[in-house]
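entry_27.cif (mmCIF, C-alpha atoms)
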data_query
loop_
_atom_site.label_atom_id
_atom_site.label_comp_id
_atom_site.auth_asym_id
_atom_site.auth_seq_id
_atom_site.Cartn_x
_atom_site.Cartn_y
_atom_site.Cartn_z
CA MET A 164 0.00 0.00 0.00
CA ASP A 165 1.32 3.42 -0.94
CA ALA A 166 1.17 6.36 1.46
CA PHE A 167 0.66 10.03 0.68
CA VAL A 168 0.73 13.48 2.22
CA VAL A 169 -1.49 15.79 0.18
CA ASP A 170 -0.82 19.52 -0.10
CA VAL A 171 -4.16 21.34 0.00
CA ASN A 172 -3.43 22.81 -3.43
CA VAL A 173 -4.14 19.38 -4.95
CA ALA A 174 -7.73 19.41 -3.70
CA ILE A 175 -8.16 23.08 -4.62
CA VAL A 176 -7.04 22.37 -8.20
CA ALA A 177 -9.31 19.29 -8.31
CA ASN A 178 -12.16 21.67 -7.46
CA GLY A 179 -11.18 23.93 -10.35
CA LYS A 180 -10.88 26.98 -8.09
CA LYS A 181 -8.18 29.45 -7.07
CA SER A 182 -5.69 28.04 -9.54
CA PRO A 183 -5.78 29.88 -12.86
CA GLN A 184 -2.34 28.45 -13.73
CA ALA A 185 -3.74 24.91 -13.66
CA ASP A 186 -4.96 23.68 -17.03
CA PHE A 187 -7.42 20.85 -17.63
CA ALA A 188 -4.67 18.18 -17.65
CA CYS A 189 -3.43 19.42 -14.27
CA ARG A 190 -6.94 19.37 -12.82
CA LEU A 191 -7.51 15.85 -14.14
CA ALA A 192 -4.19 14.68 -12.63
CA CYS A 193 -5.30 16.07 -9.24
CA VAL A 194 -8.67 14.34 -9.45
CA LYS A 195 -6.95 11.03 -10.25
CA ALA A 196 -4.43 11.54 -7.45
CA LEU A 197 -7.16 12.08 -4.86
CA LYS A 198 -8.78 8.82 -5.95
CA GLN A 199 -5.41 7.07 -5.67
CA VAL A 200 -4.99 8.43 -2.13
CA ARG A 201 -8.43 7.13 -1.19
CA ASP A 202 -7.39 3.67 -2.42
CA ASN A 203 -4.21 3.75 -0.31
CA LEU A 204 -3.13 5.58 2.86
CA ILE A 205 -3.09 9.28 3.73
CA CYS A 206 -0.83 10.68 6.43
CA LEU A 207 -1.98 13.51 8.71
CA ASP A 208 -0.71 15.13 11.87
CA ASP A 209 -2.41 14.48 15.20
CA GLY A 210 -2.49 18.23 15.94
CA ASP A 211 -4.99 18.90 13.14
CA HIS A 212 -2.69 21.30 11.26
CA ILE A 213 -3.29 19.69 7.86
CA LEU A 214 -7.02 19.14 8.34
CA SER A 215 -7.41 22.74 9.52
CA GLU A 216 -5.90 23.99 6.29
CA TYR A 217 -8.20 21.69 4.34
CA ARG A 218 -11.22 23.03 6.25
CA ASN A 219 -10.16 26.62 5.51
CA ASN A 220 -10.03 25.93 1.75
CA LEU A 221 -12.55 23.17 1.09
CA SER A 222 -16.19 22.48 1.84
CA MET A 223 -17.00 20.07 4.64
CA SER A 224 -20.30 19.26 2.91
CA GLY A 225 -18.46 17.32 0.21
CA GLN A 226 -19.81 19.58 -2.53
CA PRO A 227 -19.57 20.95 -5.13
CA GLY A 228 -16.12 19.76 -6.23
CA VAL A 229 -13.95 16.66 -6.16
CA GLY A 230 -11.62 18.29 -3.63
CA ASP A 231 -14.61 18.98 -1.38
CA GLU A 232 -15.72 15.37 -1.74
CA PHE A 233 -12.19 14.32 -0.70
CA MET A 234 -12.43 16.60 2.36
CA TYR A 235 -15.75 15.05 3.39
CA TRP A 236 -14.36 11.53 2.93
CA LEU A 237 -11.21 12.35 4.89
CA HIS A 238 -13.15 13.93 7.73
CA GLN A 239 -15.27 10.77 7.98
CA ASN A 240 -12.23 8.45 7.84
CA GLN A 241 -9.49 10.34 9.68
CA TYR A 242 -9.47 7.86 12.57
CA THR A 243 -9.68 4.71 10.44
CA LYS A 244 -6.21 3.20 10.74
CA THR A 245 -6.39 1.39 7.38
CA VAL A 246 -7.11 4.73 5.68
CA CYS A 247 -5.20 7.31 7.67
CA GLU A 248 -1.97 7.38 9.64
CA GLN A 249 -1.90 10.15 12.25
CA VAL A 250 1.62 11.12 13.26
CA VAL A 251 2.80 13.26 16.14
CA ILE A 252 4.64 16.43 15.20
CA HIS A 253 5.89 19.06 17.63
CA LYS A 254 5.84 22.85 17.40
CA HIS A 255 9.22 24.56 17.11
CA ALA A 256 9.86 28.29 17.55
CA LYS A 257 12.22 28.66 14.59
CA ARG A 258 11.41 25.82 12.17
CA VAL A 259 7.65 25.72 12.92
CA PHE A 260 7.90 21.97 13.54
CA GLU A 261 10.69 20.08 15.29
CA GLU A 262 10.55 17.39 12.61
CA PHE A 263 11.22 19.88 9.79
CA PRO A 264 14.92 19.66 8.81
CA ASP A 265 17.31 22.07 10.48
CA ASP A 266 18.97 23.00 7.19
CA SER A 267 19.94 26.50 6.04
CA ALA A 268 19.07 25.47 2.46
CA LEU A 269 15.44 25.18 3.62
CA ALA A 270 15.32 28.37 5.71
CA ALA A 271 13.13 30.18 3.14
CA PHE A 272 10.79 27.23 2.51
CA ASP A 273 7.15 28.25 2.99
CA ARG A 274 6.35 28.04 6.69
CA SER A 275 2.76 26.97 5.98
CA ASP A 276 3.97 23.95 3.98
CA ARG A 277 6.36 22.70 6.65
CA LYS A 278 3.63 20.62 8.28
CA TYR A 279 3.54 18.39 5.18
CA VAL A 280 7.29 17.82 5.33
CA ALA A 281 7.20 17.17 9.08
CA VAL A 282 4.46 14.58 8.63
CA ALA A 283 6.23 12.91 5.70
CA LEU A 284 9.48 12.62 7.64
CA THR A 285 7.75 11.34 10.78
CA SER A 286 5.51 8.76 9.14
CA ARG A 287 6.53 5.12 9.37
CA ASN A 288 5.09 4.62 5.85
CA GLN A 289 7.52 6.84 3.89
CA PRO A 290 4.78 8.79 2.10
CA THR A 291 5.07 10.75 -1.11
CA ILE A 292 4.02 14.39 -0.90
CA LEU A 293 1.60 15.33 -3.68
CA ASN A 294 1.82 18.85 -5.11
CA ALA A 295 -0.10 20.48 -7.93
CA VAL A 296 0.80 24.14 -8.48
CA ASP A 297 2.80 25.35 -5.47
CA SER A 298 6.15 26.59 -6.78
CA ASP A 299 7.86 26.31 -3.37
CA TRP A 300 8.05 22.54 -3.73
CA TRP A 301 9.90 22.85 -7.04
CA GLU A 302 12.23 25.60 -5.81
CA PHE A 303 13.28 23.50 -2.79
CA LYS A 304 13.11 20.11 -4.47
CA LYS A 305 16.82 19.27 -4.16
CA PRO A 306 17.29 20.25 -0.49
CA LEU A 307 14.09 18.40 0.42
CA GLU A 308 15.22 15.30 -1.47
CA ALA A 309 18.52 15.48 0.44
CA HIS A 310 16.41 14.80 3.55
CA ALA A 311 14.60 11.86 1.90
CA VAL A 312 11.44 13.84 1.17
CA VAL A 313 9.72 12.40 -1.90
CA ILE A 314 7.57 14.81 -3.91
CA GLN A 315 5.29 13.98 -6.82
CA PHE A 316 4.50 16.91 -9.10
CA LEU A 317 1.05 16.23 -10.52
CA CYS A 318 1.08 19.04 -13.03
CA GLY A 319 3.75 17.92 -15.52
CA THR A 320 5.69 21.19 -15.75
CA THR A 321 6.72 23.83 -13.28
CA LEU A 322 5.32 27.29 -13.60
CA PHE A 323 8.77 28.88 -13.68
CA SER A 324 11.33 26.72 -15.44
CA GLY A 325 9.15 24.92 -17.93
CA GLU A 326 11.12 21.75 -17.21
CA LYS A 327 9.32 18.44 -17.13
CA THR A 328 8.85 17.28 -13.51
CA ASN A 329 7.38 13.82 -13.94
#

Output the file's structure as structure tokens, nothing else.
Amino acid sequence: MDAFVVDVNVAIVANGKKSPQADFACRLACVKALKQVRDNLICLDDGDHILSEYRNNLSMSGQPGVGDEFMYWLHQNQYTKTVCEQVVIHKHAKRVFEEFPDDSALAAFDRSDRKYVAVALTSRNQPTILNAVDSDWWEFKKPLEAHAVVIQFLCGTTLFSGEKTN
């Protein structure tokens, strides 16, 4: 069984909202990825940091979009151990989370995305982080990979370099 950490931008793109840079192929890749996650394992933090961000950007009713449906499903299944691994991460004054690498090459990495990295590095299932359109993941790809963080770029090209990412 594969394991995943899902950046909220994947569900937002699947909804077709707030992501004008995402074309139809990108949206379709996000929809397929959310289905793949549902068929495998999702990793969350026990402090509700990831789910809180989902709640702030998605509808708990499960409508009208695919990302909202994913949010509803996840809310219903967050404590089902065969569906969701909840890991413990700890607040840190400087790095946001203790489990986020203490690495000067990552000092400028988006503080709001550090929860995903902390969860990925803490999980016993070695999850892949899914990203759709957030450029931070591409900009810090190499330093993150140096810490064994695996990122899957769902939208085939970056917004800045035009290089193929998958």

Requested in this report: For the structure provided, state which residues fall under the PyMOL selection byres ((chain A and resi 171-187) around 9), and present them as an MDAnalysis selection string.
Outcome: chainID A and resid 169:170 188:197 213 216:217 220:221 227:231 233:234 293:297 317:318 322

**Report entry** Radius query 7 Å about (2.8, 9.7, 4.9), atoms used: all atoms listed in the file, as number ranges by chain
**Finding:** A: 166-168, 205-206, 282-283, 286, 288-291

Query raised in the report: Hey, can you check how far atom CA of Arg274 of chain A sits from atom CA of Val259 of chain A?
Result: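 Between these atoms lies a distance of 6.8 Å.
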
**Report entry** Selection near segment 239-243 of chain A, 10 Å with all atoms listed in the file, sequence-local residues under 3 positions removed, as a list in words
**Finding:**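 Contacts, with the query itself left out: Arg201, Ile205, Cys206, Leu207, Asp209, Leu214, Phe233, Met234, Tyr235, Trp236, Val246, Cys247, Glu248 and Gln249 of chain A.
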
Query raised in the report: Mind pulling up the distance from atom CA of Leu204 of chain A to atom CA of Asp165 of chain A?
Result: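 Here the two named atoms are 6.2 Å from each other.
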
Requested in this report: Please identify all polymer residues lying at most 12 Å from the point (20.3, 21.1, 0.5) (file coordinates), using only C-alpha atoms, and present the result as an MDAnalysis selection string.
Outcome: chainID A and resid 264:272 302:312

Hey, can you spit out that residue selection with C-alpha atoms as a CSV table (one decimal), in the frame of the given file?
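And here's part33.csv as it stands now:
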chain,number,residue,atom,x,y,z
A,264,PRO,CA,14.9,19.7,8.8
A,265,ASP,CA,17.3,22.1,10.5
A,266,ASP,CA,19.0,23.0,7.2
A,267,SER,CA,19.9,26.5,6.0
A,268,ALA,CA,19.1,25.5,2.5
A,269,LEU,CA,15.4,25.2,3.6
A,270,ALA,CA,15.3,28.4,5.7
A,271,ALA,CA,13.1,30.2,3.1
A,272,PHE,CA,10.8,27.2,2.5
A,302,GLU,CA,12.2,25.6,-5.8
A,303,PHE,CA,13.3,23.5,-2.8
A,304,LYS,CA,13.1,20.1,-4.5
A,305,LYS,CA,16.8,19.3,-4.2
A,306,PRO,CA,17.3,20.2,-0.5
A,307,LEU,CA,14.1,18.4,0.4
A,308,GLU,CA,15.2,15.3,-1.5
A,309,ALA,CA,18.5,15.5,0.4
A,310,HIS,CA,16.4,14.8,3.6
A,311,ALA,CA,14.6,11.9,1.9
A,312,VAL,CA,11.4,13.8,1.2

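Atom CA of Arg277 of chain A lies 11.0 Å from atom CA of His255 of chain A.
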
Report summary line: Ser298 of chain A proximity check over A:Glu262, A:Asp202, A:Asp208, A:Asp273, using all atoms listed in the file: winner is A:Asp273

Query raised in the report: Pick from A:Asn219, A:Met164, A:Gly225, A:Glu232: nearest to Lys198 of chain A, with only C-alpha atoms counted?
Result: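 Comparing A:Asn219, A:Met164, A:Gly225, A:Glu232 against Lys198 of chain A, the winner is A:Glu232.
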
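Shortest separation to Ile292 of chain A among A:Val200, A:Ser224, A:Ile252, A:Thr245 occurs at residue A:Val200, atoms counted being all atoms listed in the file.
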
Report task. Compile the contact shell of His212 of chain A as a ChimeraX atom specification: residues with an atom at most 10 Å away, counting all atoms listed in the file, same-chain residues fewer than 6 positions apart removed. Result -> /A:252,275,278-279

**Report entry** Selection near Phe263 of chain A, 7 Å with only C-alpha atoms, sequence-local residues under 4 positions removed, as a list of chain:residue names
**Finding:**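 Everything that qualifies: A:Arg258, A:Arg277, A:Val280, A:Ala281.
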
Please output segment 276-301 of chain A, rebuilt to include N, CA and C atoms, as an mmCIF file, keeping the file's coordinate frame.
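Full text of out.cif as output:
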data_model
loop_
_atom_site.group_PDB
_atom_site.id
_atom_site.type_symbol
_atom_site.label_atom_id
_atom_site.label_comp_id
_atom_site.auth_asym_id
_atom_site.auth_seq_id
_atom_site.Cartn_x
_atom_site.Cartn_y
_atom_site.Cartn_z
ATOM 1 N N ASP A 276 3.831 25.285 4.579
ATOM 2 C CA ASP A 276 3.970 23.950 3.980
ATOM 3 C C ASP A 276 4.861 23.016 4.799
ATOM 4 N N ARG A 277 5.443 23.519 5.841
ATOM 5 C CA ARG A 277 6.360 22.700 6.650
ATOM 6 C C ARG A 277 5.655 21.560 7.371
ATOM 7 N N LYS A 278 4.380 21.708 7.626
ATOM 8 C CA LYS A 278 3.630 20.620 8.280
ATOM 9 C C LYS A 278 3.634 19.372 7.414
ATOM 10 N N TYR A 279 3.545 19.538 6.087
ATOM 11 C CA TYR A 279 3.540 18.390 5.180
ATOM 12 C C TYR A 279 4.879 17.653 5.226
ATOM 13 N N VAL A 280 5.957 18.408 5.255
ATOM 14 C CA VAL A 280 7.290 17.820 5.330
ATOM 15 C C VAL A 280 7.478 17.111 6.676
ATOM 16 N N ALA A 281 7.072 17.764 7.748
ATOM 17 C CA ALA A 281 7.200 17.170 9.080
ATOM 18 C C ALA A 281 6.447 15.846 9.166
ATOM 19 N N VAL A 282 5.242 15.812 8.610
ATOM 20 C CA VAL A 282 4.460 14.580 8.630
ATOM 21 C C VAL A 282 5.131 13.514 7.771
ATOM 22 N N ALA A 283 5.582 13.887 6.593
ATOM 23 C CA ALA A 283 6.230 12.910 5.700
ATOM 24 C C ALA A 283 7.465 12.299 6.351
ATOM 25 N N LEU A 284 8.247 13.119 7.027
ATOM 26 C CA LEU A 284 9.480 12.620 7.640
ATOM 27 C C LEU A 284 9.221 11.815 8.917
ATOM 28 N N THR A 285 8.080 12.031 9.542
ATOM 29 C CA THR A 285 7.750 11.340 10.780
ATOM 30 C C THR A 285 7.011 10.032 10.543
ATOM 31 N N SER A 286 6.311 9.950 9.443
ATOM 32 C CA SER A 286 5.510 8.760 9.140
ATOM 33 C C SER A 286 6.374 7.515 9.034
ATOM 34 N N ARG A 287 5.835 6.405 9.488
ATOM 35 C CA ARG A 287 6.530 5.120 9.370
ATOM 36 C C ARG A 287 6.311 4.514 7.977
ATOM 37 N N ASN A 288 5.460 5.163 7.162
ATOM 38 C CA ASN A 288 5.090 4.620 5.850
ATOM 39 C C ASN A 288 5.806 5.279 4.673
ATOM 40 N N GLN A 289 6.739 6.165 4.925
ATOM 41 C CA GLN A 289 7.520 6.840 3.890
ATOM 42 C C GLN A 289 6.632 7.372 2.758
ATOM 43 N N PRO A 290 5.728 8.289 3.097
ATOM 44 C CA PRO A 290 4.780 8.790 2.100
ATOM 45 C C PRO A 290 5.421 9.713 1.064
ATOM 46 N N THR A 291 4.754 9.789 -0.057
ATOM 47 C CA THR A 291 5.070 10.750 -1.110
ATOM 48 C C THR A 291 4.199 11.974 -0.881
ATOM 49 N N ILE A 292 4.793 13.150 -0.993
ATOM 50 C CA ILE A 292 4.020 14.390 -0.900
ATOM 51 C C ILE A 292 3.509 14.720 -2.297
ATOM 52 N N LEU A 293 2.203 14.957 -2.408
ATOM 53 C CA LEU A 293 1.600 15.330 -3.680
ATOM 54 C C LEU A 293 1.456 16.841 -3.755
ATOM 55 N N ASN A 294 1.904 17.417 -4.865
ATOM 56 C CA ASN A 294 1.820 18.850 -5.110
ATOM 57 C C ASN A 294 1.260 19.086 -6.501
ATOM 58 N N ALA A 295 0.448 20.129 -6.627
ATOM 59 C CA ALA A 295 -0.100 20.480 -7.930
ATOM 60 C C ALA A 295 0.570 21.728 -8.497
ATOM 61 N N VAL A 296 0.373 22.879 -7.870
ATOM 62 C CA VAL A 296 0.800 24.140 -8.480
ATOM 63 C C VAL A 296 1.656 25.023 -7.564
ATOM 64 N N ASP A 297 2.026 24.544 -6.413
ATOM 65 C CA ASP A 297 2.800 25.350 -5.470
ATOM 66 C C ASP A 297 4.275 25.340 -5.873
ATOM 67 N N SER A 298 4.779 26.486 -6.271
ATOM 68 C CA SER A 298 6.150 26.590 -6.780
ATOM 69 C C SER A 298 7.218 26.338 -5.718
ATOM 70 N N ASP A 299 6.888 26.525 -4.446
ATOM 71 C CA ASP A 299 7.860 26.310 -3.370
ATOM 72 C C ASP A 299 8.443 24.899 -3.415
ATOM 73 N N TRP A 300 7.593 23.933 -3.704
ATOM 74 C CA TRP A 300 8.050 22.540 -3.730
ATOM 75 C C TRP A 300 9.117 22.350 -4.818
ATOM 76 N N TRP A 301 8.927 22.977 -5.948
ATOM 77 C CA TRP A 301 9.900 22.850 -7.040
ATOM 78 C C TRP A 301 11.185 23.588 -6.692
#
